Every structure is written in structure tokens, then in C-alpha cells.
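Listing of data-v8.json; format and content: JSON, C-alpha atoms and all ligand atoms.
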[["chain", "number", "residue", "atom", "x", "y", "z"],
["A", 25, "MET", "CA", 81.35, -123.94, 117.53],
["A", 26, "SER", "CA", 84.79, -122.38, 117.01],
["A", 27, "TYR", "CA", 85.75, -120.62, 113.77],
["A", 28, "SER", "CA", 88.20, -123.37, 112.80],
["A", 29, "HIS", "CA", 85.53, -126.07, 113.31],
["A", 30, "LYS", "CA", 83.04, -124.00, 111.35],
["A", 31, "GLY", "CA", 85.56, -123.55, 108.54],
["A", 32, "PHE", "CA", 86.20, -127.29, 108.44],
["A", 33, "LEU", "CA", 82.49, -128.10, 108.35],
["A", 34, "ASN", "CA", 81.95, -125.55, 105.55],
["A", 35, "ARG", "CA", 84.74, -127.11, 103.49],
["A", 36, "LEU", "CA", 83.34, -130.59, 104.06],
["A", 37, "ASP", "CA", 79.86, -129.37, 103.11],
["A", 38, "LYS", "CA", 81.17, -127.88, 99.85],
["A", 39, "PHE", "CA", 83.20, -130.99, 99.05],
["A", 40, "PHE", "CA", 80.21, -133.34, 99.40],
["A", 41, "ALA", "CA", 77.79, -131.03, 97.58],
["A", 42, "GLU", "CA", 80.12, -130.41, 94.67],
["A", 43, "ASN", "CA", 81.14, -134.02, 94.16],
["A", 44, "TYR", "CA", 77.62, -135.32, 94.56],
["A", 45, "ALA", "CA", 76.42, -132.83, 91.93],
["A", 46, "ARG", "CA", 79.28, -133.81, 89.61],
["A", 47, "LEU", "CA", 77.87, -137.34, 89.49],
["A", 48, "GLY", "CA", 75.30, -135.78, 87.20],
["A", 49, "VAL", "CA", 72.28, -137.33, 88.89],
["A", 50, "GLU", "CA", 69.85, -134.62, 89.83],
["A", 51, "HIS", "CA", 66.51, -135.25, 91.46],
["A", 52, "LYS", "CA", 63.66, -133.85, 89.40],
["A", 53, "GLY", "CA", 60.66, -132.38, 91.15],
["A", 54, "CYS", "CA", 62.28, -129.65, 93.21],
["A", 55, "LEU", "CA", 61.97, -125.97, 93.98],
["A", 56, "SER", "CA", 65.28, -124.24, 94.70],
["A", 57, "ALA", "CA", 65.02, -120.77, 96.16],
["A", 58, "PHE", "CA", 67.99, -118.38, 96.07],
["A", 59, "LEU", "CA", 68.77, -115.56, 98.47],
["A", 60, "PHE", "CA", 70.47, -112.33, 97.47],
["A", 61, "HIS", "CA", 70.99, -109.08, 99.41],
["A", 62, "GLY", "CA", 72.96, -106.23, 97.83],
["A", 63, "LEU", "CA", 73.73, -106.35, 94.12],
["A", 64, "PHE", "CA", 76.98, -104.58, 93.29],
["A", 65, "ARG", "CA", 77.85, -103.08, 89.92],
["A", 66, "ASP", "CA", 81.39, -104.44, 90.20],
["A", 67, "LYS", "CA", 83.96, -105.78, 92.67],
["A", 68, "ASN", "CA", 85.11, -102.22, 93.56],
["A", 69, "GLU", "CA", 81.82, -101.64, 95.35],
["A", 70, "CYS", "CA", 82.22, -104.73, 97.58],
["A", 71, "ARG", "CA", 84.43, -103.09, 100.17],
["A", 72, "HIS", "CA", 84.40, -103.44, 103.93],
["A", 73, "GLU", "CA", 85.12, -99.72, 104.27],
["A", 74, "PHE", "CA", 81.57, -99.19, 102.97],
["A", 75, "LEU", "CA", 79.47, -102.00, 104.34],
["A", 76, "ASP", "CA", 79.18, -105.62, 105.47],
["A", 77, "VAL", "CA", 79.75, -107.15, 102.06],
["A", 78, "GLN", "CA", 78.06, -110.46, 102.98],
["A", 79, "GLN", "CA", 77.69, -112.06, 99.54],
["A", 80, "GLY", "CA", 79.70, -109.94, 97.10],
["A", 81, "ILE", "CA", 77.32, -110.70, 94.24],
["A", 82, "THR", "CA", 77.88, -108.41, 91.25],
["A", 83, "VAL", "CA", 75.54, -107.79, 88.35],
["A", 84, "LYS", "CA", 77.73, -110.11, 86.27],
["A", 85, "HIS", "CA", 77.41, -112.92, 88.86],
["A", 86, "PHE", "CA", 73.65, -112.47, 88.85],
["A", 87, "GLU", "CA", 73.54, -112.80, 85.08],
["A", 88, "VAL", "CA", 75.76, -115.90, 85.15],
["A", 89, "PHE", "CA", 73.54, -117.40, 87.86],
["A", 90, "ILE", "CA", 70.35, -117.04, 85.77],
["A", 91, "GLU", "CA", 72.03, -118.31, 82.60],
["A", 92, "TYR", "CA", 73.44, -121.28, 84.49],
["A", 93, "PHE", "CA", 70.11, -122.44, 85.91],
["A", 94, "LEU", "CA", 68.23, -121.82, 82.67],
["A", 95, "HIS", "CA", 70.84, -123.95, 80.94],
["A", 96, "GLN", "CA", 70.22, -126.65, 83.54],
["A", 97, "GLN", "CA", 66.51, -126.62, 82.60],
["A", 98, "TYR", "CA", 65.26, -124.85, 85.71],
["A", 99, "SER", "CA", 62.06, -122.79, 85.29],
["A", 100, "PHE", "CA", 61.99, -119.55, 87.28],
["A", 101, "VAL", "CA", 58.68, -119.16, 89.12],
["A", 102, "ARG", "CA", 56.51, -116.48, 90.64],
["A", 103, "GLN", "CA", 55.20, -116.81, 94.19],
["A", 104, "GLU", "CA", 51.71, -117.72, 92.95],
["A", 105, "ASP", "CA", 53.15, -120.67, 90.99],
["A", 106, "ILE", "CA", 54.34, -122.24, 94.24],
["A", 107, "LEU", "CA", 50.79, -122.29, 95.57],
["A", 108, "LYS", "CA", 49.69, -124.38, 92.61],
["A", 109, "GLU", "CA", 50.63, -127.97, 91.94],
["A", 110, "LEU", "CA", 54.12, -127.81, 90.49],
["A", 111, "ASP", "CA", 55.09, -130.49, 87.95],
["A", 112, "LEU", "CA", 56.84, -133.33, 89.80],
["A", 113, "GLN", "CA", 59.09, -133.95, 86.81],
["A", 114, "LYS", "CA", 60.45, -130.41, 86.66],
["A", 115, "LYS", "CA", 63.04, -128.27, 88.41],
["A", 116, "TYR", "CA", 62.04, -124.80, 89.54],
["A", 117, "ALA", "CA", 63.93, -121.78, 90.87],
["A", 118, "LEU", "CA", 62.73, -118.81, 92.88],
["A", 119, "ILE", "CA", 64.86, -115.64, 93.06],
["A", 120, "THR", "CA", 64.61, -113.59, 96.25],
["A", 121, "PHE", "CA", 66.30, -110.38, 97.41],
["A", 122, "ASP", "CA", 66.12, -109.56, 101.13],
["A", 123, "ASP", "CA", 66.22, -106.20, 102.95],
["A", 124, "GLY", "CA", 65.42, -103.62, 100.24],
["A", 125, "TYR", "CA", 68.81, -102.24, 99.22],
["A", 126, "TYR", "CA", 68.67, -99.53, 96.54],
["A", 127, "ASN", "CA", 71.25, -101.41, 94.47],
["A", 128, "ASN", "CA", 68.69, -104.17, 93.81],
["A", 129, "ILE", "CA", 67.49, -102.04, 90.91],
["A", 130, "HIS", "CA", 70.55, -103.28, 88.99],
["A", 131, "ALA", "CA", 68.69, -106.60, 88.72],
["A", 132, "LEU", "CA", 65.88, -105.15, 86.63],
["A", 133, "ASP", "CA", 67.54, -105.19, 83.22],
["A", 134, "ILE", "CA", 68.70, -108.76, 83.75],
["A", 135, "LEU", "CA", 65.26, -109.95, 84.85],
["A", 136, "LYS", "CA", 63.80, -108.36, 81.72],
["A", 137, "LYS", "CA", 66.53, -109.78, 79.49],
["A", 138, "PHE", "CA", 65.86, -113.36, 80.64],
["A", 139, "GLN", "CA", 62.15, -112.83, 81.34],
["A", 140, "VAL", "CA", 62.41, -114.24, 84.85],
["A", 141, "PRO", "CA", 60.66, -113.00, 88.02],
["A", 142, "ALA", "CA", 62.13, -112.14, 91.44],
["A", 143, "VAL", "CA", 60.67, -111.34, 94.85],
["A", 144, "PHE", "CA", 62.04, -108.34, 96.75],
["A", 145, "PHE", "CA", 61.51, -108.66, 100.51],
["A", 146, "ILE", "CA", 61.48, -105.22, 102.08],
["A", 147, "SER", "CA", 62.21, -104.06, 105.63],
["A", 148, "THR", "CA", 59.89, -101.06, 105.58],
["A", 149, "SER", "CA", 61.22, -98.89, 108.43],
["A", 150, "HIS", "CA", 64.53, -98.68, 106.58],
["A", 151, "VAL", "CA", 62.73, -97.35, 103.52],
["A", 152, "LEU", "CA", 60.64, -94.91, 105.55],
["A", 153, "GLU", "CA", 63.47, -93.63, 107.75],
["A", 154, "GLN", "CA", 66.29, -93.91, 105.17],
["A", 155, "LYS", "CA", 68.68, -95.43, 107.68],
["A", 156, "SER", "CA", 71.52, -97.88, 107.28],
["A", 157, "PHE", "CA", 71.16, -101.55, 108.09],
["A", 158, "TRP", "CA", 72.86, -102.11, 111.45],
["A", 159, "TRP", "CA", 75.21, -104.88, 110.27],
["A", 160, "ASP", "CA", 76.67, -102.50, 107.68],
["A", 161, "VAL", "CA", 77.31, -99.86, 110.34],
["A", 162, "ILE", "CA", 79.04, -102.32, 112.67],
["A", 163, "SER", "CA", 81.20, -103.62, 109.85],
["A", 164, "ARG", "CA", 82.11, -100.13, 108.55],
["A", 165, "GLU", "CA", 82.83, -98.52, 111.92],
["A", 166, "ARG", "CA", 84.76, -101.44, 113.41],
["A", 167, "HIS", "CA", 86.73, -101.83, 110.20],
["A", 168, "ARG", "CA", 87.67, -98.16, 110.51],
["A", 169, "GLN", "CA", 88.88, -98.88, 114.06],
["A", 170, "GLY", "CA", 91.05, -101.73, 112.79],
["A", 171, "ALA", "CA", 89.04, -104.65, 114.22],
["A", 172, "SER", "CA", 89.63, -108.09, 112.71],
["A", 173, "PRO", "CA", 86.90, -109.73, 110.57],
["A", 174, "GLU", "CA", 86.51, -112.39, 113.29],
["A", 175, "LYS", "CA", 85.93, -109.75, 116.00],
["A", 176, "ILE", "CA", 83.40, -107.96, 113.80],
["A", 177, "ALA", "CA", 81.59, -111.23, 113.07],
["A", 178, "GLN", "CA", 81.49, -112.04, 116.79],
["A", 179, "GLU", "CA", 79.98, -108.67, 117.65],
["A", 180, "GLN", "CA", 77.38, -109.04, 114.90],
["A", 181, "LYS", "CA", 76.51, -112.51, 116.14],
["A", 182, "SER", "CA", 75.97, -111.30, 119.69],
["A", 183, "LEU", "CA", 73.77, -108.42, 118.46],
["A", 184, "LYS", "CA", 71.55, -110.88, 116.62],
["A", 185, "THR", "CA", 70.12, -111.90, 120.01],
["A", 186, "LYS", "CA", 68.58, -108.41, 120.43],
["A", 187, "LYS", "CA", 65.65, -106.44, 119.09],
["A", 188, "ASN", "CA", 66.31, -103.94, 116.31],
["A", 189, "HIS", "CA", 65.78, -100.83, 118.45],
["A", 190, "GLU", "CA", 68.19, -102.20, 121.06],
["A", 191, "ILE", "CA", 70.82, -102.74, 118.37],
["A", 192, "GLU", "CA", 70.30, -99.25, 116.97],
["A", 193, "ASN", "CA", 70.58, -97.73, 120.48],
["A", 194, "TYR", "CA", 73.83, -99.61, 120.92],
["A", 195, "ILE", "CA", 75.13, -98.21, 117.62],
["A", 196, "VAL", "CA", 74.28, -94.65, 118.65],
["A", 197, "GLU", "CA", 76.04, -95.19, 122.01],
["A", 198, "GLN", "CA", 79.11, -96.64, 120.33],
["A", 199, "PHE", "CA", 79.50, -94.45, 117.26],
["A", 200, "GLY", "CA", 77.09, -91.52, 117.59],
["A", 201, "GLY", "CA", 73.77, -90.78, 115.88],
["A", 202, "LYS", "CA", 75.26, -90.06, 112.46],
["A", 203, "ALA", "CA", 76.55, -93.64, 112.12],
["A", 204, "LEU", "CA", 73.08, -94.80, 111.04],
["A", 205, "LYS", "CA", 73.19, -92.54, 108.00],
["A", 206, "PRO", "CA", 73.98, -94.46, 104.78],
["A", 207, "ILE", "CA", 77.17, -93.49, 102.98],
["A", 208, "GLY", "CA", 75.66, -93.61, 99.50],
["A", 209, "ASP", "CA", 74.01, -95.75, 96.82],
["A", 210, "VAL", "CA", 76.12, -98.73, 97.73],
["A", 211, "ASP", "CA", 74.55, -99.24, 101.18],
["A", 212, "ARG", "CA", 71.33, -97.23, 101.31],
["A", 213, "PRO", "CA", 67.80, -98.66, 101.29],
["A", 214, "LEU", "CA", 65.34, -97.86, 98.52],
["A", 215, "THR", "CA", 63.41, -94.62, 98.96],
["A", 216, "ILE", "CA", 59.60, -94.67, 99.07],
["A", 217, "PHE", "CA", 59.49, -93.39, 95.50],
["A", 218, "GLU", "CA", 62.00, -95.99, 94.27],
["A", 219, "LEU", "CA", 60.13, -98.80, 96.01],
["A", 220, "LYS", "CA", 56.88, -97.73, 94.39],
["A", 221, "SER", "CA", 58.59, -97.59, 91.01],
["A", 222, "LEU", "CA", 60.29, -100.97, 91.55],
["A", 223, "SER", "CA", 57.00, -102.63, 92.47],
["A", 224, "SER", "CA", 55.43, -101.56, 89.17],
["A", 225, "GLN", "CA", 58.16, -103.12, 87.03],
["A", 226, "PRO", "CA", 57.55, -106.32, 85.09],
["A", 227, "PHE", "CA", 59.01, -109.47, 86.71],
["A", 228, "VAL", "CA", 59.04, -107.79, 90.14],
["A", 229, "GLU", "CA", 57.13, -109.07, 93.15],
["A", 230, "ILE", "CA", 57.17, -107.54, 96.60],
["A", 231, "GLY", "CA", 57.43, -109.46, 99.88],
["A", 232, "ASN", "CA", 57.41, -108.65, 103.59],
["A", 233, "HIS", "CA", 60.68, -108.63, 105.60],
["A", 234, "THR", "CA", 59.02, -107.09, 108.70],
["A", 235, "SER", "CA", 58.93, -103.45, 109.68],
["A", 236, "ASN", "CA", 62.27, -103.28, 111.53],
["A", 237, "HIS", "CA", 64.17, -106.21, 110.12],
["A", 238, "ALA", "CA", 63.09, -107.93, 113.32],
["A", 239, "ILE", "CA", 64.88, -111.17, 114.17],
["A", 240, "LEU", "CA", 61.58, -112.67, 115.17],
["A", 241, "THR", "CA", 62.81, -115.19, 117.74],
["A", 242, "ASN", "CA", 63.85, -112.19, 119.92],
["A", 243, "TYR", "CA", 60.29, -110.82, 120.01],
["A", 244, "SER", "CA", 57.09, -111.83, 121.84],
["A", 245, "TYR", "CA", 54.27, -113.40, 119.83],
["A", 246, "GLY", "CA", 52.33, -110.11, 119.81],
["A", 247, "GLU", "CA", 55.39, -108.18, 118.70],
["A", 248, "VAL", "CA", 56.05, -110.66, 115.88],
["A", 249, "LYS", "CA", 52.57, -110.13, 114.51],
["A", 250, "ASP", "CA", 52.92, -106.39, 114.93],
["A", 251, "GLU", "CA", 56.20, -106.36, 112.97],
["A", 252, "MET", "CA", 54.60, -108.32, 110.14],
["A", 253, "PHE", "CA", 51.38, -106.26, 110.13],
["A", 254, "LYS", "CA", 53.18, -102.92, 110.17],
["A", 255, "ALA", "CA", 55.31, -103.86, 107.17],
["A", 256, "GLN", "CA", 52.24, -105.22, 105.41],
["A", 257, "ASN", "CA", 50.43, -101.89, 105.89],
["A", 258, "HIS", "CA", 53.44, -99.85, 104.76],
["A", 259, "LEU", "CA", 53.89, -101.96, 101.65],
["A", 260, "GLN", "CA", 50.20, -101.69, 100.82],
["A", 261, "GLU", "CA", 50.31, -97.91, 101.19],
["A", 262, "ILE", "CA", 53.47, -97.47, 99.14],
["A", 263, "THR", "CA", 52.99, -100.05, 96.39],
["A", 264, "GLY", "CA", 49.29, -100.95, 96.48],
["A", 265, "ILE", "CA", 50.38, -104.59, 96.78],
["A", 266, "THR", "CA", 49.49, -106.94, 99.63],
["A", 267, "PRO", "CA", 52.43, -109.35, 99.90],
["A", 268, "ILE", "CA", 51.65, -113.05, 100.16],
["A", 269, "ALA", "CA", 55.07, -114.03, 101.46],
["A", 270, "VAL", "CA", 57.28, -113.17, 104.43],
["A", 271, "SER", "CA", 61.01, -113.76, 104.59],
["A", 272, "TYR", "CA", 62.02, -114.22, 108.24],
["A", 273, "PRO", "CA", 64.90, -111.79, 108.96],
["A", 274, "ASN", "CA", 68.16, -113.65, 109.56],
["A", 275, "GLY", "CA", 66.16, -116.79, 108.78],
["A", 276, "ASN", "CA", 65.09, -117.14, 112.42],
["A", 277, "PHE", "CA", 61.76, -118.83, 113.03],
["A", 278, "ILE", "CA", 60.06, -121.16, 115.46],
["A", 279, "ASP", "CA", 56.61, -122.83, 115.35],
["A", 280, "GLU", "CA", 55.00, -119.69, 116.79],
["A", 281, "THR", "CA", 56.47, -117.58, 113.97],
["A", 282, "ILE", "CA", 54.63, -119.75, 111.47],
["A", 283, "ILE", "CA", 51.36, -119.42, 113.41],
["A", 284, "ALA", "CA", 51.78, -115.64, 113.45],
["A", 285, "ALA", "CA", 52.60, -115.54, 109.71],
["A", 286, "LYS", "CA", 49.41, -117.48, 108.97],
["A", 287, "GLU", "CA", 47.33, -115.19, 111.18],
["A", 288, "VAL", "CA", 48.67, -112.13, 109.35],
["A", 289, "GLY", "CA", 47.46, -113.77, 106.15],
["A", 290, "PHE", "CA", 50.65, -114.92, 104.44],
["A", 291, "LYS", "CA", 50.64, -117.98, 102.21],
["A", 292, "ILE", "CA", 54.41, -118.44, 102.12],
["A", 293, "GLY", "CA", 57.21, -118.13, 104.72],
["A", 294, "ILE", "CA", 60.84, -118.27, 103.65],
["A", 295, "THR", "CA", 63.85, -119.28, 105.74],
["A", 296, "THR", "CA", 67.61, -119.35, 105.19],
["A", 297, "LEU", "CA", 67.92, -123.10, 105.74],
["A", 298, "GLU", "CA", 70.03, -124.43, 102.90],
["A", 299, "GLY", "CA", 68.62, -127.03, 100.56],
["A", 300, "LYS", "CA", 66.14, -127.85, 97.85],
["A", 301, "ASN", "CA", 62.42, -128.02, 98.49],
["A", 302, "TYR", "CA", 61.38, -131.36, 97.08],
["A", 303, "LEU", "CA", 58.03, -131.76, 95.36],
["A", 304, "PRO", "CA", 55.26, -132.21, 96.05],
["A", 305, "LEU", "CA", 55.31, -129.63, 98.81],
["A", 306, "ASN", "CA", 53.27, -130.84, 101.76],
["A", 307, "PHE", "CA", 50.87, -127.95, 102.37],
["A", 308, "GLN", "CA", 49.48, -129.62, 105.51],
["A", 309, "ALA", "CA", 52.95, -130.00, 107.05],
["A", 310, "ASP", "CA", 53.75, -126.28, 106.74],
["A", 311, "ASP", "CA", 56.29, -126.84, 103.95],
["A", 312, "LEU", "CA", 55.16, -123.52, 102.48],
["A", 313, "PHE", "CA", 56.07, -121.69, 105.71],
["A", 314, "CYS", "CA", 59.58, -123.05, 106.01],
["A", 315, "LEU", "CA", 60.83, -122.93, 102.47],
["A", 316, "LYS", "CA", 64.57, -123.45, 102.23],
["A", 317, "ARG", "CA", 66.90, -121.18, 100.29],
["A", 318, "PHE", "CA", 70.42, -121.30, 98.95],
["A", 319, "THR", "CA", 72.78, -118.38, 99.47],
["A", 320, "LEU", "CA", 75.44, -117.90, 96.80],
["A", 321, "TRP", "CA", 78.51, -116.10, 98.14],
["A", 322, "ALA", "CA", 80.68, -115.38, 95.10],
["A", 323, "GLN", "CA", 83.67, -116.27, 97.26],
["A", 324, "SER", "CA", 84.95, -119.18, 95.22],
["A", 325, "ARG", "CA", 84.62, -120.13, 91.53],
["A", 326, "PHE", "CA", 81.09, -118.97, 90.90],
["A", 327, "PRO", "CA", 79.90, -121.75, 88.52],
["A", 328, "ASP", "CA", 81.06, -124.24, 91.21],
["A", 329, "GLU", "CA", 78.83, -122.48, 93.74],
["A", 330, "CYS", "CA", 75.91, -122.81, 91.32],
["A", 331, "LEU", "CA", 76.81, -126.47, 90.80],
["A", 332, "ARG", "CA", 76.81, -127.09, 94.57],
["A", 333, "ALA", "CA", 73.29, -125.68, 94.80],
["A", 334, "ARG", "CA", 72.17, -128.41, 92.40],
["A", 335, "SER", "CA", 73.40, -131.15, 94.71],
["A", 336, "ASP", "CA", 70.87, -133.41, 96.37],
["A", 337, "PHE", "CA", 73.21, -133.93, 99.30],
["A", 338, "GLN", "CA", 73.83, -130.91, 101.55],
["A", 339, "LEU", "CA", 75.77, -131.99, 104.63],
["A", 340, "LYS", "CA", 75.11, -128.94, 106.83],
["A", 341, "SER", "CA", 71.35, -128.93, 106.33],
["A", 342, "PHE", "CA", 71.33, -132.70, 106.87],
["A", 343, "LEU", "CA", 73.12, -132.25, 110.22],
["A", 344, "LYS", "CA", 70.87, -129.34, 111.22],
["A", 345, "LYS", "CA", 67.80, -131.46, 110.51],
["A", 346, "ILE", "CA", 69.11, -134.21, 112.79],
["A", 347, "LEU", "CA", 69.93, -131.67, 115.52],
["A", 348, "ARG", "CA", 66.42, -130.22, 115.38],
["A", 349, "LYS", "CA", 64.92, -133.71, 115.71],
["A", 350, "VAL", "CA", 67.14, -134.48, 118.71],
["A", 351, "LYS", "CA", 66.19, -131.17, 120.41],
["A", 352, "ARG", "CA", 62.48, -131.95, 120.00],
["A", 401, "ZN", "ZN", 67.38, -109.45, 105.96]]

Exercise: express the given structure as C-alpha cells:
Amino acid sequence: MSYSHKGFLNRLDKFFAENYARLGVEHKGCLSAFLFHGLFRDKNECRHEFLDVQQGITVKHFEVFIEYFLHQQYSFVRQEDILKELDLQKKYALITFDDGYYNNIHALDILKKFQVPAVFFISTSHVLEQKSFWWDVISRERHRQGASPEKIAQEQKSLKTKKNHEIENYIVEQFGGKALKPIGDVDRPLTIFELKSLSSQPFVEIGNHTSNHAILTNYSYGEVKDEMFKAQNHLQEITGITPIAVSYPNGNFIDETIIAAKEVGFKIGITTLEGKNYLPLNFQADDLFCLKRFTLWAQSRFPDECLRARSDFQLKSFLKKILRKVKR
């Protein structure tokens, strides 16, 4: 799909979601999960010279987000709560952070202030090796060379068809070995010590995001399990916690990914498909292994983005669902 078509579809998606939500009719009995990555102290930190900004969520946005959904009578849940029977008359929210950026620690005071939990999904090799995430390097280096945002996005998209070590080899070839070194607190992963400390904080839960941020559909079945197992072992060693959930890097999963996740012992698998998870969750039908999540981008009026995530009509996920059925 071309960029102009994609842009049009995104605008249409927003239009329907926002106006449907404005009708004020919201389905009760849902679990809405939310995906965050980096958490910036302010807008000055969200700069393409530093990293691939992706969402541009600041500490202030994060606070507004929690206040908004509390005001809308959402209850924020822990992972264990999802495994129980959730009340069909209630609305629930699950906060998730993917990757393991150091700046996620800015969430702690806010979680404590509102007494709400969050799950931090960690890519463990980044913590152990203290290296940059590849998408940040591509964005930073190409930006320095004067490449357009579209060109950078295209290159990132094509790299998402590869394994992590292939992408990192490519980066070293293109920009030299030093390119994988983080520039500072704004883009670096947590250290081992910080991860251990984070995991012991109230309202913090730890999840598995594979060992190498592996886009699992690019790996064999054995490699998928290996990626999940390795991260599980690292997280156990560092935090003493055995995660019960895996967040599939880049949201990529197929039926085999779910089988592997179950074999590794997870109870929950989280995707990046947009939409609410309506209750009751069908445990037999693998609902727990393909939980949907909303991504808030902080690229338009933020309360409107929150409003859109309350909509029971999401055009893009509706179309994707149809496409998947047709492909099968
Ligand atoms: Zn990720």
C-alpha cells in the first residue's frame, strides 16, 4: 500500500473511531491494553537526531492518559487479573511498555501516584549488551545523512523481514561498529542493575520481549522457542521473576508462535493489533495469546487519541480481520 493510501486509511480510521466514541455509547465488558515504548521527560527529548521517536509520549501525556481512563471508569489490571473471570459489566485497562528503555523509569512516580500497575516487556540482550535498538540507529544515522522520513521508514520496513543479528550486521556494515552504542539516557536500554531495581518496585510487572527483540515470524519454530526461553532465563536470573506473558516484537505472530509461547509456559501473549478485547475472553480460542493493544501516538490532540481508543468501531482492525479470514 502506498504512503498516500495509508495516510487516507489512517485518517478514515480516526474519523470513524472518534465519531463513534462521541456517540457516548461504550460497550461494557472489555479489556483495553495500551502499548508504550520510550517515555520522554518533555518534547525536547523527542528528536530524530537522537532516535526513532515512534510515539513521542511524554511523562505529562502518560499522566493525562491514566487520569483520562480512570475518569472513564476503567480499572487498571495486573496480568494475573486477566487470567481470572473479569466482570462482564466493567471496563479494564492494561498498561504495557515494550523493549526495556531506561526512560521507562519516569513512569514509576505516576504509577505510584495513581496506584495503577504496568507490565514492562524486556528485550534481554539489549540489557545485557547495553546496545541501541536497531530502529533508533537507522533513524539517527540516516537523519544525519539527510534522508527523508519516508526513506527511513522504508528502510526500517525492509529490515523488519530479517533476524536481529542480520540487521545488526547490516548496521555495522553501513555505519561502523560504534553506531550500536546508545547516545545517552534518551535511547539506552535499562542496565542489569536498573532492571533488577525496577522489578522490585510496587505496581511493576516484568514480561518477556524475547532475547534479541526477535521478529518471530522471521525465525524457525526452534529459534522462536529459543528466543523466548533465553529471555525467560535472563529475566529469572536478573529479577527472580518468571514472566507469565510475552509481547511479540513488532506484534508479529502466527499460529506456531502461539504454540511455542504455550510450550515455553506463558499464559498470555500480546500483539499490536488495534482494538478492545471484549469479555468474556475465550480461553479455549487462544484469546489470551492474541490480546490486542492500542498504541497512542501523541501526534494529534491527545485527549482525542484517548477518546478514539474507547471506540467500539475500529476500521483498520475490522479490515485486517476480514483480510485474515480471506487469506485462510
Ligand atoms: Zn519491541

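Taking only C-alpha atoms and all ligand atoms into account, the protein and nucleic acid residues that come at most 10 Å from ligand ZN 401 (chain A) are Leu59, Phe60, His61, Phe121, Asp122, Asp123, Gly124, Tyr125, Phe145, Ile146, Ser147, Phe157, His233, Thr234, Asn236, His237, Ala238, Ile239, Ser271, Tyr272, Pro273, Asn274, Gly275 and Thr296 of chain A.
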
Long-range neighbours of Cys314 of chain A as a list of chain:residue names, 6 Å cut-off, only C-alpha atoms, 3 positions minimum in chain
A:Gly293, A:Ile294, A:Thr295, A:Asp311

Which one is closest to Val151 of chain A: A:Thr82, A:Thr185, A:Ser224, A:Ser235? Count only C-alpha atoms.
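Looking only at the distances to Val151 of chain A, the closest residue turns out to be A:Ser235.
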
Residue neighbourhood Thr263 of chain A, 8 Å, only C-alpha atoms, exclusion window fewer than 2 positions, as a list in words
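Here the answer would be Leu219, Lys220, Ser223, Ser224, Leu259, Gln260, Glu261 and Ile265 of chain A.
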
Go ahead and save the picked residues with C-alpha atoms, as a short mmCIF file (atom, residue, chain, number, x, y, z; two decimals), in the frame of the given file.
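Result written to again.cif:
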data_model
loop_
_atom_site.label_atom_id
_atom_site.label_comp_id
_atom_site.auth_asym_id
_atom_site.auth_seq_id
_atom_site.Cartn_x
_atom_site.Cartn_y
_atom_site.Cartn_z
CA LEU A 219 60.13 -98.80 96.01
CA LYS A 220 56.88 -97.73 94.39
CA SER A 223 57.00 -102.63 92.47
CA SER A 224 55.43 -101.56 89.17
CA LEU A 259 53.89 -101.96 101.65
CA GLN A 260 50.20 -101.69 100.82
CA GLU A 261 50.31 -97.91 101.19
CA ILE A 265 50.38 -104.59 96.78
#

Using Å and a single decimal, report how far atom CA of Gln113 of chain A sits from atom CA of Val140 of chain A.
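Atom-to-atom, atom CA of Val140 of chain A to atom CA of Gln113 of chain A, that is 20.1 Å.
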
9 Å contact set for Lys114 of chain A, all atoms listed in the file, chain neighbours under 4 positions out, as a count of residues only
8

So that I can check the surroundings of segment 335-349 of chain A, please list as a VMD selection string every protein, DNA and RNA residue that reaches within 12 Å of it, counting all atoms listed in the file and ignoring chain neighbours fewer than 6 positions away.
chain A and resid 30 to 56 278 296 to 302 316 to 318 328 to 329

Nearest to Leu305 of chain A by atom-to-atom distance, counting only C-alpha atoms, from A:Lys108, A:Arg168, A:Lys254, A:His189
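The answer is A:Lys108, which sits nearest to Leu305 of chain A.
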
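Reported to one decimal place, the separation of atom CA of Leu112 of chain A from atom CA of Leu303 of chain A is 5.9 Å.
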
Which of these residues is nearest to Phe86 of chain A, using only C-alpha atoms: A:Ile162, A:Leu135, A:Ala57, A:Cys70?
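For Phe86 of chain A, the nearest of the given residues is A:Leu135.
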
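Shortest separation to Leu204 of chain A among A:His150, A:Gly170, A:Lys184, A:Phe100 occurs at residue A:His150, atoms counted being all atoms listed in the file.
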
Pull the neighbourhood of (50.9, -105.5, 102.4) for me: all residues within 8 Å in file coordinates, counting only C-alpha atoms, as a PyMOL selection string.
chain A and resi 232+253+255-261+264-268
